[in-house]
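Okay, target32.cif is below, mmCIF, C-alpha atoms:
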```
data_protein
loop_
_atom_site.label_atom_id
_atom_site.label_comp_id
_atom_site.auth_asym_id
_atom_site.auth_seq_id
_atom_site.Cartn_x
_atom_site.Cartn_y
_atom_site.Cartn_z
CA MET A 1 4.32 -16.87 -50.56
CA VAL A 2 7.64 -15.05 -50.37
CA MET A 3 5.97 -11.93 -51.66
CA ALA A 4 3.26 -12.27 -49.01
CA ALA A 5 5.86 -12.69 -46.28
CA ILE A 6 7.78 -9.62 -47.44
CA LEU A 7 4.58 -7.62 -47.64
CA ALA A 8 3.42 -8.81 -44.25
CA GLY A 9 6.81 -7.99 -42.76
CA THR A 10 6.79 -4.54 -44.28
CA ALA A 11 3.24 -3.93 -43.14
CA PHE A 12 4.13 -5.09 -39.63
CA PHE A 13 7.15 -2.79 -39.55
CA VAL A 14 5.07 0.15 -40.74
CA TYR A 15 2.41 -0.73 -38.19
CA THR A 16 4.87 -0.76 -35.27
CA GLN A 17 6.41 2.50 -36.41
CA VAL A 18 3.03 4.19 -36.67
CA ALA A 19 1.93 2.76 -33.34
CA ARG A 20 5.02 4.30 -31.69
CA SER A 21 4.72 7.57 -33.55
CA SER A 22 3.74 10.76 -31.82
CA TYR A 23 0.61 10.71 -34.00
CA LEU A 24 -0.74 7.89 -31.84
CA THR A 25 1.15 8.38 -28.56
CA GLY A 26 0.92 12.15 -28.32
CA ARG A 27 4.67 12.30 -27.67
CA TYR A 28 6.45 15.67 -28.17
CA LEU A 29 3.18 17.52 -28.74
CA GLU A 30 3.06 20.73 -26.71
CA ARG A 31 -0.34 21.37 -25.19
CA GLN A 32 -1.88 24.81 -25.09
CA GLN A 33 -3.05 25.64 -21.59
CA PRO A 34 -5.69 28.14 -20.39
CA VAL A 35 -2.86 30.09 -18.73
CA GLN A 36 0.51 30.59 -20.43
CA PHE A 37 2.30 28.82 -17.62
CA SER A 38 5.98 28.15 -18.22
CA HIS A 39 7.73 25.37 -16.36
CA LYS A 40 10.95 26.72 -17.84
CA HIS A 41 10.44 29.94 -15.94
CA HIS A 42 9.14 28.57 -12.65
CA ALA A 43 11.17 25.36 -12.30
CA GLY A 44 14.15 26.42 -14.40
CA ASP A 45 14.82 30.14 -13.91
CA ASP A 46 13.25 30.52 -10.48
CA GLY A 47 14.43 27.13 -9.22
CA ILE A 48 11.16 26.36 -7.45
CA ASP A 49 11.10 22.76 -6.29
CA CYS A 50 8.69 20.48 -8.19
CA ARG A 51 6.95 19.67 -4.92
CA TYR A 52 6.04 23.30 -4.20
CA CYS A 53 3.14 22.78 -6.61
CA HIS A 54 3.02 19.02 -7.11
CA SER A 55 2.95 18.57 -3.38
CA THR A 56 1.41 15.10 -3.07
CA VAL A 57 3.92 13.32 -5.31
CA GLU A 58 5.55 11.68 -2.28
CA THR A 59 2.37 10.43 -0.68
CA THR A 60 -0.30 9.65 -3.29
CA ALA A 61 -0.81 8.13 -6.73
CA SER A 62 -1.34 11.53 -8.31
CA ALA A 63 1.54 13.99 -8.17
CA GLY A 64 -1.01 16.66 -7.34
CA MET A 65 -2.10 19.72 -9.27
CA PRO A 66 -1.68 23.00 -7.39
CA SER A 67 -4.76 24.77 -6.14
CA THR A 68 -5.23 28.30 -7.44
CA GLN A 69 -4.21 29.49 -3.98
CA THR A 70 -0.77 28.04 -4.64
CA CYS A 71 -0.47 30.35 -7.66
CA MET A 72 -1.72 33.23 -5.55
CA ASN A 73 0.93 32.57 -2.88
CA CYS A 74 3.21 34.58 -5.16
CA HIS A 75 0.94 36.14 -7.75
CA SER A 76 -1.15 38.04 -5.25
CA GLN A 77 1.99 40.20 -5.05
CA ILE A 78 4.06 39.81 -8.20
CA TRP A 79 2.60 40.12 -11.71
CA ALA A 80 -0.61 40.78 -9.81
CA ASP A 81 -1.91 43.08 -12.57
CA SER A 82 -0.70 41.07 -15.55
CA PRO A 83 -3.45 40.37 -18.09
CA TYR A 84 -1.84 36.96 -18.71
CA LEU A 85 -2.80 35.96 -15.19
CA GLU A 86 -6.42 37.08 -15.37
CA PRO A 87 -7.66 33.46 -15.69
CA VAL A 88 -5.82 32.70 -12.43
CA ARG A 89 -7.33 35.65 -10.59
CA GLU A 90 -10.75 34.84 -12.03
CA SER A 91 -10.42 31.28 -10.77
CA PHE A 92 -9.45 32.58 -7.34
CA ARG A 93 -12.25 35.18 -7.20
CA GLU A 94 -14.98 32.84 -8.36
CA ASN A 95 -13.71 29.73 -6.60
CA LYS A 96 -13.61 27.78 -9.86
CA PRO A 97 -10.63 25.57 -10.66
CA ILE A 98 -8.51 26.31 -13.73
CA GLU A 99 -9.17 23.63 -16.35
CA TRP A 100 -5.66 22.57 -17.36
CA GLU A 101 -5.12 20.41 -20.43
CA ARG A 102 -3.91 17.01 -19.39
CA VAL A 103 -0.50 16.21 -20.91
CA HIS A 104 0.21 12.71 -19.57
CA ASP A 105 -2.83 10.47 -19.79
CA LEU A 106 -2.27 6.80 -19.02
CA PRO A 107 -4.97 4.34 -20.10
CA GLU A 108 -7.14 3.57 -17.09
CA TYR A 109 -6.43 -0.16 -17.12
CA ALA A 110 -2.87 0.67 -16.11
CA TYR A 111 -2.29 1.28 -12.38
CA PHE A 112 0.28 3.96 -11.76
CA ASN A 113 1.40 5.52 -8.49
CA HIS A 114 3.84 8.43 -8.30
CA SER A 115 4.73 7.97 -4.65
CA ILE A 116 6.29 4.51 -5.00
CA HIS A 117 8.39 5.65 -7.96
CA VAL A 118 9.92 8.67 -6.23
CA ALA A 119 10.39 6.59 -3.06
CA LYS A 120 12.36 3.96 -4.97
CA GLY A 121 14.72 6.27 -6.79
CA VAL A 122 12.97 7.19 -10.04
CA GLY A 123 13.52 10.89 -10.64
CA CYS A 124 11.00 13.25 -12.24
CA SER A 125 13.11 13.77 -15.34
CA THR A 126 13.51 10.02 -15.91
CA CYS A 127 9.94 9.89 -17.17
CA HIS A 128 9.02 13.53 -17.76
CA GLY A 129 12.24 14.73 -19.36
CA GLN A 130 13.78 18.12 -18.66
CA ILE A 131 10.63 19.90 -17.60
CA ASP A 132 12.76 22.87 -16.55
CA ASN A 133 13.49 23.44 -20.24
CA MET A 134 9.88 23.26 -21.42
CA PRO A 135 8.02 26.56 -21.79
CA ALA A 136 4.98 24.45 -22.70
CA VAL A 137 5.08 20.94 -21.33
CA TYR A 138 4.98 17.99 -23.67
CA GLN A 139 5.11 14.26 -23.14
CA GLU A 140 8.74 13.18 -23.36
CA ASN A 141 8.12 9.43 -23.66
CA THR A 142 5.63 7.18 -25.41
CA LEU A 143 4.04 5.97 -22.13
CA GLN A 144 3.59 2.65 -23.89
CA MET A 145 3.85 -0.65 -22.09
CA GLU A 146 7.19 -1.48 -23.71
CA TRP A 147 8.54 1.78 -22.29
CA CYS A 148 7.29 0.97 -18.76
CA LEU A 149 8.74 -2.52 -19.01
CA ALA A 150 12.14 -1.30 -20.17
CA CYS A 151 12.61 0.09 -16.65
CA HIS A 152 10.66 -2.56 -14.75
CA ARG A 153 12.96 -5.20 -16.23
CA GLU A 154 16.16 -3.38 -15.27
CA PRO A 155 15.33 -0.71 -12.71
CA GLU A 156 18.98 -0.47 -11.62
CA LYS A 157 19.76 1.30 -14.90
CA PHE A 158 17.38 4.16 -14.21
CA ILE A 159 17.46 4.85 -10.46
CA ARG A 160 19.30 7.67 -8.70
CA PRO A 161 20.08 8.65 -5.10
CA LYS A 162 17.24 9.94 -2.94
CA THR A 163 18.73 13.45 -2.84
CA GLU A 164 18.68 13.74 -6.65
CA ILE A 165 15.07 12.72 -7.37
CA TYR A 166 13.95 16.29 -8.05
CA ASN A 167 17.19 17.32 -9.74
CA MET A 168 16.39 18.10 -13.38
CA GLN A 169 20.07 18.13 -14.35
CA TRP A 170 20.72 14.55 -13.25
CA GLN A 171 22.18 12.31 -15.96
CA ASP A 172 21.98 8.53 -15.85
CA GLY A 173 25.73 8.41 -16.51
CA ASP A 174 26.43 10.09 -13.16
CA LEU A 175 26.63 6.68 -11.47
CA ASN A 176 28.64 3.61 -12.41
CA ALA A 177 27.28 0.06 -12.43
CA GLU A 178 28.53 -0.78 -8.92
CA GLU A 179 27.00 2.33 -7.37
CA ARG A 180 23.75 1.45 -9.08
CA LYS A 181 23.83 -2.04 -7.62
CA VAL A 182 24.32 -0.60 -4.13
CA LEU A 183 21.46 1.84 -4.69
CA TYR A 184 19.26 -0.95 -6.00
CA ASP A 185 19.92 -3.00 -2.87
CA ASN A 186 19.40 -0.06 -0.53
CA TYR A 187 16.08 0.85 -2.09
CA LYS A 188 15.01 -2.78 -1.62
CA ILE A 189 13.51 -2.85 -5.11
CA ARG A 190 11.82 -6.17 -5.81
CA GLN A 191 13.17 -8.52 -8.43
CA ALA A 192 12.21 -8.11 -12.08
CA GLU A 193 9.86 -11.10 -12.00
CA ILE A 194 7.59 -9.25 -9.59
CA LEU A 195 7.98 -5.85 -11.24
CA THR A 196 7.00 -7.30 -14.62
CA SER A 197 4.14 -9.44 -13.30
CA CYS A 198 0.81 -8.58 -14.99
CA SER A 199 -0.93 -7.64 -11.78
CA THR A 200 1.75 -5.16 -10.74
CA CYS A 201 0.31 -2.66 -13.23
CA HIS A 202 -3.02 -4.20 -14.27
CA ARG A 203 -4.97 -4.54 -11.04
CA MET B 1 5.81 -25.12 -34.97
CA SER B 2 7.19 -25.83 -38.45
CA MET B 3 5.11 -28.99 -38.57
CA SER B 4 1.87 -27.17 -38.01
CA LYS B 5 2.92 -24.44 -40.39
CA SER B 6 3.59 -26.88 -43.22
CA ARG B 7 0.31 -28.60 -42.46
CA VAL B 8 -1.50 -25.32 -42.71
CA GLU B 9 0.35 -24.48 -45.89
CA SER B 10 -0.53 -27.81 -47.50
CA ARG B 11 -4.13 -27.29 -46.57
CA GLU B 12 -4.18 -23.79 -47.99
CA SER B 13 -5.62 -23.69 -51.48
CA ARG B 14 -4.75 -21.06 -53.99
CA ALA B 15 -8.02 -19.30 -53.31
CA GLY B 16 -7.37 -19.36 -49.59
CA ARG B 17 -4.00 -17.71 -50.06
CA ARG B 18 -5.58 -14.98 -52.13
CA ALA B 19 -8.17 -14.42 -49.42
CA LEU B 20 -5.42 -14.18 -46.81
CA PHE B 21 -3.61 -11.67 -48.99
CA CYS B 22 -6.71 -9.49 -49.08
CA LEU B 23 -7.40 -9.96 -45.39
CA LEU B 24 -3.99 -8.74 -44.24
CA PRO B 25 -4.39 -5.09 -45.23
CA SER B 26 -7.88 -4.96 -43.82
CA ALA B 27 -6.63 -6.51 -40.57
CA PHE B 28 -4.02 -3.76 -40.31
CA CYS B 29 -6.64 -1.14 -41.04
CA LEU B 30 -8.68 -2.49 -38.13
CA LEU B 31 -5.62 -2.38 -35.88
CA PHE B 32 -4.99 1.26 -36.78
CA ILE B 33 -8.54 2.15 -35.90
CA GLY B 34 -8.13 0.26 -32.66
CA CYS B 35 -5.13 2.40 -31.78
CA GLY B 36 -6.53 5.74 -32.83
CA VAL B 37 -9.82 5.49 -30.99
CA ARG B 38 -9.95 5.37 -27.20
CA SER B 39 -11.95 2.34 -26.18
CA ASP B 40 -13.97 1.76 -23.03
CA MET B 41 -11.07 0.07 -21.30
CA GLN B 42 -8.95 3.17 -21.67
CA ASP B 43 -11.57 5.57 -20.34
CA GLN B 44 -13.43 3.65 -17.70
CA PRO B 45 -16.61 4.93 -16.03
CA ARG B 46 -14.83 6.20 -12.94
CA TYR B 47 -13.12 9.45 -11.97
CA ASP B 48 -9.38 9.95 -11.92
CA ALA B 49 -7.91 12.57 -9.62
CA TYR B 50 -8.85 16.08 -10.80
CA GLU B 51 -11.03 14.70 -13.61
CA LYS B 52 -13.90 16.84 -14.87
CA SER B 53 -17.36 15.68 -13.86
CA GLU B 54 -20.56 16.40 -15.73
CA PHE B 55 -22.57 15.21 -12.74
CA PHE B 56 -21.77 17.93 -10.22
CA SER B 57 -22.82 21.51 -10.94
CA ASP B 58 -19.30 22.88 -10.41
CA ASN B 59 -17.83 20.15 -12.68
CA ARG B 60 -15.42 18.95 -9.99
CA ALA B 61 -15.10 15.23 -9.45
CA SER B 62 -12.93 15.89 -6.37
CA ARG B 63 -15.43 16.92 -3.73
CA ASN B 64 -14.85 19.01 -0.64
CA ILE B 65 -15.45 17.32 2.68
CA PRO B 66 -18.96 18.24 3.91
CA GLU B 67 -18.89 20.93 6.56
CA GLY B 68 -18.75 19.71 10.11
CA THR B 69 -17.33 16.29 9.28
CA VAL B 70 -13.99 14.99 10.49
CA ALA B 71 -12.08 12.50 8.38
CA ARG B 72 -10.85 9.44 10.23
CA GLY B 73 -7.54 10.24 11.90
CA HIS B 74 -7.93 13.98 11.37
CA LEU B 75 -9.51 15.00 14.66
CA LYS B 76 -7.37 17.83 16.00
CA GLU B 77 -7.55 16.83 19.63
CA ASN B 78 -4.10 18.01 20.64
CA LYS B 79 -4.41 21.78 20.70
CA ALA B 80 -0.71 22.48 21.14
CA LEU B 81 0.19 20.20 18.22
CA HIS B 82 -2.37 21.64 15.79
CA THR B 83 -2.47 25.32 16.71
CA GLY B 84 0.75 26.10 18.58
CA LYS B 85 -1.36 27.96 21.15
CA ILE B 86 -1.50 27.58 24.92
CA ASP B 87 -4.53 25.97 26.51
CA ASN B 88 -5.94 28.86 28.54
CA PRO B 89 -4.99 32.12 26.88
CA ASN B 90 -5.25 35.23 29.01
CA ALA B 91 -7.86 37.41 27.31
CA ASN B 92 -6.19 40.55 28.67
CA LEU B 93 -2.94 39.79 26.87
CA GLN B 94 -3.32 40.74 23.23
CA VAL B 95 -0.75 40.33 20.49
CA GLU B 96 1.16 43.57 20.02
CA THR B 97 2.29 44.55 16.57
CA ALA B 98 4.60 47.12 15.06
CA THR B 99 5.21 48.21 11.47
CA ASP B 100 8.76 48.13 10.16
CA ALA B 101 10.43 50.26 7.49
CA THR B 102 9.35 47.99 4.60
CA GLY B 103 5.72 48.04 5.67
CA ASN B 104 5.62 44.58 7.23
CA THR B 105 3.41 44.25 10.27
CA LEU B 106 5.53 42.51 12.90
CA VAL B 107 4.35 40.79 16.03
CA SER B 108 6.29 42.11 19.01
CA SER B 109 4.71 40.11 21.84
CA PHE B 110 3.58 36.52 21.82
CA PRO B 111 1.34 35.95 24.83
CA ASN B 112 -0.62 32.94 23.57
CA ASP B 113 1.99 30.88 21.72
CA ILE B 114 3.47 27.74 23.25
CA ASP B 115 7.17 27.84 24.01
CA GLU B 116 7.95 24.13 23.85
CA PHE B 117 7.80 21.74 20.94
CA PRO B 118 4.77 19.41 21.26
CA VAL B 119 6.77 16.74 19.40
CA PRO B 120 10.19 15.34 20.35
CA VAL B 121 12.95 17.28 18.58
CA THR B 122 15.17 14.65 17.02
CA MET B 123 17.75 14.66 14.26
CA GLU B 124 15.14 13.12 11.94
CA LEU B 125 12.71 15.93 12.69
CA VAL B 126 15.29 18.60 11.90
CA ASN B 127 16.30 16.83 8.68
CA ARG B 128 12.67 16.56 7.67
CA GLY B 129 12.29 20.25 8.46
CA GLN B 130 15.28 21.12 6.29
CA ASP B 131 13.82 19.06 3.47
CA ARG B 132 10.42 20.80 3.69
CA TYR B 133 11.97 24.25 4.26
CA ASN B 134 13.97 23.92 1.07
CA ILE B 135 10.78 23.23 -0.89
CA TYR B 136 8.19 25.61 0.52
CA CYS B 137 9.98 28.34 2.49
CA ILE B 138 13.27 28.86 0.66
CA VAL B 139 11.50 30.53 -2.28
CA CYS B 140 10.92 33.70 -0.21
CA HIS B 141 12.81 33.31 3.08
CA GLY B 142 16.04 32.27 1.35
CA PRO B 143 18.48 29.45 2.14
CA VAL B 144 19.35 30.70 5.65
CA GLY B 145 16.24 32.72 6.40
CA ASN B 146 17.46 36.23 5.62
CA GLY B 147 14.37 36.88 3.54
CA ASP B 148 16.28 37.04 0.25
CA GLY B 149 14.76 34.11 -1.62
CA MET B 150 14.40 33.98 -5.40
CA ILE B 151 10.79 35.15 -5.37
CA VAL B 152 11.79 38.19 -3.28
CA ARG B 153 14.47 38.96 -5.86
CA ARG B 154 11.66 38.81 -8.46
CA GLY B 155 9.74 41.50 -6.62
CA PHE B 156 7.82 39.85 -3.80
CA PRO B 157 7.82 42.04 -0.66
CA GLN B 158 10.73 41.03 1.57
CA PRO B 159 9.76 39.01 4.65
CA PRO B 160 11.51 39.81 7.95
CA THR B 161 14.75 37.97 8.69
CA TYR B 162 14.77 35.16 11.26
CA HIS B 163 18.03 36.50 12.60
CA ASP B 164 17.07 39.34 14.87
CA ASP B 165 16.36 39.37 18.59
CA ARG B 166 12.62 39.59 18.07
CA LEU B 167 12.36 36.25 16.25
CA ARG B 168 15.23 34.59 18.10
CA ASN B 169 13.24 35.10 21.27
CA ALA B 170 9.85 34.35 19.72
CA PRO B 171 8.23 31.19 21.07
CA VAL B 172 8.09 28.24 18.68
CA GLY B 173 4.30 28.47 18.59
CA HIS B 174 4.57 31.78 16.73
CA PHE B 175 6.35 30.24 13.72
CA PHE B 176 3.85 27.40 13.73
CA ASP B 177 0.94 29.83 13.83
CA VAL B 178 2.28 31.82 10.85
CA MET B 179 2.72 28.65 8.79
CA THR B 180 -0.75 27.44 9.75
CA ASN B 181 -2.74 30.62 9.27
CA GLY B 182 -0.47 32.83 7.24
CA TRP B 183 0.67 36.32 8.22
CA GLY B 184 0.90 39.53 6.23
CA LYS B 185 1.63 38.71 2.58
CA MET B 186 2.24 35.05 3.35
CA ASN B 187 -0.60 32.58 2.78
CA SER B 188 -1.29 29.54 4.93
CA TYR B 189 0.85 26.50 4.18
CA ALA B 190 -1.32 24.12 6.16
CA ASP B 191 -2.50 22.50 2.93
CA LYS B 192 1.09 21.67 1.96
CA LEU B 193 2.58 20.79 5.35
CA SER B 194 1.06 18.47 7.92
CA ALA B 195 1.11 19.62 11.54
CA VAL B 196 4.18 17.49 12.32
CA ASP B 197 5.92 18.77 9.19
CA ARG B 198 5.23 22.34 10.29
CA TRP B 199 6.86 21.59 13.65
CA ALA B 200 9.78 20.05 11.77
CA VAL B 201 10.17 23.31 9.85
CA VAL B 202 10.04 25.25 13.14
CA ALA B 203 12.85 23.05 14.44
CA TYR B 204 14.85 23.77 11.29
CA ILE B 205 14.23 27.52 11.62
CA ARG B 206 15.67 27.30 15.14
CA THR B 207 18.64 25.45 13.66
CA LEU B 208 19.14 28.24 11.13
CA GLN B 209 18.94 30.82 13.90
CA ILE B 210 21.63 29.02 15.86
CA SER B 211 23.78 28.67 12.74
CA GLN B 212 23.75 32.42 12.17
CA ASN B 213 24.24 33.32 15.83
CA PRO B 214 26.36 30.59 17.46
CA SER B 215 27.18 32.58 20.59
CA GLY B 216 23.50 32.99 21.38
CA THR B 217 22.93 29.25 21.46
CA THR B 218 22.65 28.98 25.23
CA ALA B 219 19.99 31.66 25.50
CA MET B 220 18.00 29.99 22.74
CA ASN B 221 18.16 26.63 24.41
CA ALA B 222 16.84 28.12 27.61
CA ASN B 223 14.03 29.70 25.68
CA THR B 224 12.92 26.47 24.05
CA ALA B 225 12.83 22.91 25.35
CA ALA B 226 16.22 22.83 27.02
CA ASN B 227 16.56 19.06 27.16
CA THR B 228 15.70 18.50 23.51
CA MET B 229 17.67 21.28 21.90
CA PRO B 230 21.24 19.92 22.03
CA PRO B 231 20.73 17.53 19.07
CA VAL B 232 19.48 20.50 17.08
CA GLY B 233 22.56 22.48 18.05
CA THR B 234 24.95 19.70 17.06
CA SER B 235 23.20 19.22 13.75
CA ASN B 236 23.70 22.84 12.83
CA SER B 237 27.28 22.39 11.59
CA ASN B 238 26.08 19.81 9.04
CA THR B 239 22.80 21.30 7.94
CA SER B 240 23.65 24.97 7.70
CA GLY B 241 26.68 24.16 5.58
CA GLY B 242 24.47 22.39 3.07
CA ALA B 243 21.83 25.06 3.13
CA ARG B 244 24.23 27.84 2.37
#
```

Since I need it in another form, could you write the structure as structure tokens?
Amino acid sequence: MVMAAILAGTAFFVYTQVARSSYLTGRYLERQQPVQFSHKHHAGDDGIDCRYCHSTVETTASAGMPSTQTCMNCHSQIWADSPYLEPVRESFRENKPIEWERVHDLPEYAYFNHSIHVAKGVGCSTCHGQIDNMPAVYQENTLQMEWCLACHREPEKFIRPKTEIYNMQWQDGDLNAEERKVLYDNYKIRQAEILTSCSTCHR
Amino acid sequence: MSMSKSRVESRESRAGRRALFCLLPSAFCLLFIGCGVRSDMQDQPRYDAYEKSEFFSDNRASRNIPEGTVARGHLKENKALHTGKIDNPNANLQVETATDATGNTLVSSFPNDIDEFPVPVTMELVNRGQDRYNIYCIVCHGPVGNGDGMIVRRGFPQPPTYHDDRLRNAPVGHFFDVMTNGWGKMNSYADKLSAVDRWAVVAYIRTLQISQNPSGTTAMNANTAANTMPPVGTSNSNTSGGAR
């Protein structure tokens, strides 16, 4: 019986570790895209605001993928002859969207809305990591339920001021506990019982 | 809890224990398979935003609005608000253009653009304009509108500065028209900025103009809605400082 318990415990531990591994969550795996688009260059070096391309993040569930015209706002003029950008020009010429590889794919039984998160003080980098340092974007977190709940139980530990939502350099240590409490109250975030209720995310 | 456990244990025979022992690994194998394979619950028979569709010939699940239809709440009744143009343009008065040294085609007369904001110019509107400007416009026009944004430094043709007499005296409808329909090398930003947001950006551009030319403030106020401009003027000391 003791042997069985030890074996079961070990098996359970191995199971949880494998379930959280990037093999099953897709975490840290860079995706190859049809265009060699670098967030490091555009968001990092050029300092373009996230919302220039992901322009519906404040108003809709999806953060928004840029239309090819958004690319052409600049690339009709700069790097306009680059062979790397031929898929972009082709998309623009033939009116066919670029088929990007999805990096963050939540299971469809989970309801997620970007707009409420950025409105209540969750910054981009809190979930997506330092995108401005990623030449090819990868998933920074497991996107598992335990990870969602870690914040829904104690949102005050993860929120930041409204002006810093799109700041990729923001560190959670930039605020002390009292400032966080004030922020939490000002954002009027609901109590943890509601945020962790089943139907908040499974509708 | 312990009671039931002991009862279960006492009921377990030797053979039962052995069966359990064999079952455990197979149960874990099943769990692994459950995790590795996406089940129906995870990919439900509906479209997410931007999802690929095998049904439509162009493979786009997000469909364009059929031509000639107006979405609820999107009827552009108010011409001034949605176009920045006056109601009865004089057909004899055409826009005059000139070409500057860098090859930009510049509008030099603005006969059909409205000269007053169709929305009340408030502190909130200017702040909203600053917020939007710093996302969509700053990349080329630069923090104060000199036309030295990061993308221009990367090689994009330089846009004209806001801070010359031509654009200081341009009616507000002109800026709105350029944002709505594009001009020269600049594409339309109507898909990124709602009509009210575009007016907010116009208000912020006026604020920038005042910030770079404080002595000209009076003339500018006379040129735009005189009664609504003072809040813009007073905000300039706060906003331009941050923008710089």

(Q) Residues near stretch 73-90 of chain A, anyone? I mean within 6 Å using only C-alpha atoms, not counting same-chain ones fewer than 4 positions away, as a ChimeraX atom specification. (A) /A:94 /B:156,187

Q: Identify every residue of chain A that has at least one atom within 9 Å of any atom of chain B, counting all atoms listed in the file, and report the result as a PyMOL selection string.
A: chain A and resi 1+4+8+11-12+15+18-19+23-24+46-53+55-56+61-62+64-65+69-70+72-79+96-97+99+106-110

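The two atoms in question, atom CA of A:Ile165 and atom CA of A:Gly121, are spaced 6.5 Å apart.
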
Q. In Å, with one decimal, what is the gap from atom CA of A:His42 to atom CA of A:Tyr138?
A. 15.8 Å

Q. Where does the PyMOL selection byres ((chain B and resi 200) around 12) land in this file, that is, which residues does it pick, as JSON, numbers by chain?
A. {"B": [81, 117, 118, 119, 120, 121, 122, 123, 124, 125, 126, 127, 128, 129, 130, 131, 132, 133, 172, 175, 176, 179, 193, 194, 195, 196, 197, 198, 199, 201, 202, 203, 204, 205, 206, 207, 232]}

Q: Starting from the point (11.7, 8.8, -6.6), work out which residues of protein, DNA or RNA have an atom no more than 8 Å away when counting all atoms listed in the file; state them as a ChimeraX atom specification.
A: /A:115-124,159-160,162,165-166

Limited to C-alpha atoms, could you put the picked residues into a file as a PDB file, in the frame of the given file?
```pdb
ATOM      1  CA  SER A 115       4.730   7.970  -4.650  1.00  0.00           C
ATOM      2  CA  ILE A 116       6.290   4.510  -5.000  1.00  0.00           C
ATOM      3  CA  HIS A 117       8.390   5.650  -7.960  1.00  0.00           C
ATOM      4  CA  VAL A 118       9.920   8.670  -6.230  1.00  0.00           C
ATOM      5  CA  ALA A 119      10.390   6.590  -3.060  1.00  0.00           C
ATOM      6  CA  LYS A 120      12.360   3.960  -4.970  1.00  0.00           C
ATOM      7  CA  GLY A 121      14.720   6.270  -6.790  1.00  0.00           C
ATOM      8  CA  VAL A 122      12.970   7.190 -10.040  1.00  0.00           C
ATOM      9  CA  GLY A 123      13.520  10.890 -10.640  1.00  0.00           C
ATOM     10  CA  CYS A 124      11.000  13.250 -12.240  1.00  0.00           C
ATOM     11  CA  ILE A 159      17.460   4.850 -10.460  1.00  0.00           C
ATOM     12  CA  ARG A 160      19.300   7.670  -8.700  1.00  0.00           C
ATOM     13  CA  LYS A 162      17.240   9.940  -2.940  1.00  0.00           C
ATOM     14  CA  ILE A 165      15.070  12.720  -7.370  1.00  0.00           C
ATOM     15  CA  TYR A 166      13.950  16.290  -8.050  1.00  0.00           C
TER      16      TYR A 166
END
```

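The coordinates place atom CA of A:Glu156 at 10.4 Å from atom CA of A:Gln191.
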
(Q) For this structure, which residues satisfy the selection - the PyMOL selection byres ((chain A and resi 26) around 10) - when it is evaluated on the file as given? I want them as a PyMOL selection string. (A) chain A and resi 20-25+27-31+103-105+138-143

What's the 9 Å shell around A:Pro34, counting all atoms listed in the file, without same-chain residues fewer than 2 positions away, as an mmCIF file with C-alpha atoms, in the coordinates of the input?
```cif
data_model
loop_
_atom_site.group_PDB
_atom_site.id
_atom_site.type_symbol
_atom_site.label_atom_id
_atom_site.label_comp_id
_atom_site.auth_asym_id
_atom_site.auth_seq_id
_atom_site.Cartn_x
_atom_site.Cartn_y
_atom_site.Cartn_z
ATOM 1 C CA GLN A 32 -1.880 24.810 -25.090
ATOM 2 C CA GLN A 36 0.510 30.590 -20.430
ATOM 3 C CA PHE A 37 2.300 28.820 -17.620
ATOM 4 C CA PRO A 87 -7.660 33.460 -15.690
ATOM 5 C CA ILE A 98 -8.510 26.310 -13.730
ATOM 6 C CA GLU A 99 -9.170 23.630 -16.350
ATOM 7 C CA TRP A 100 -5.660 22.570 -17.360
ATOM 8 C CA GLU A 101 -5.120 20.410 -20.430
#
```
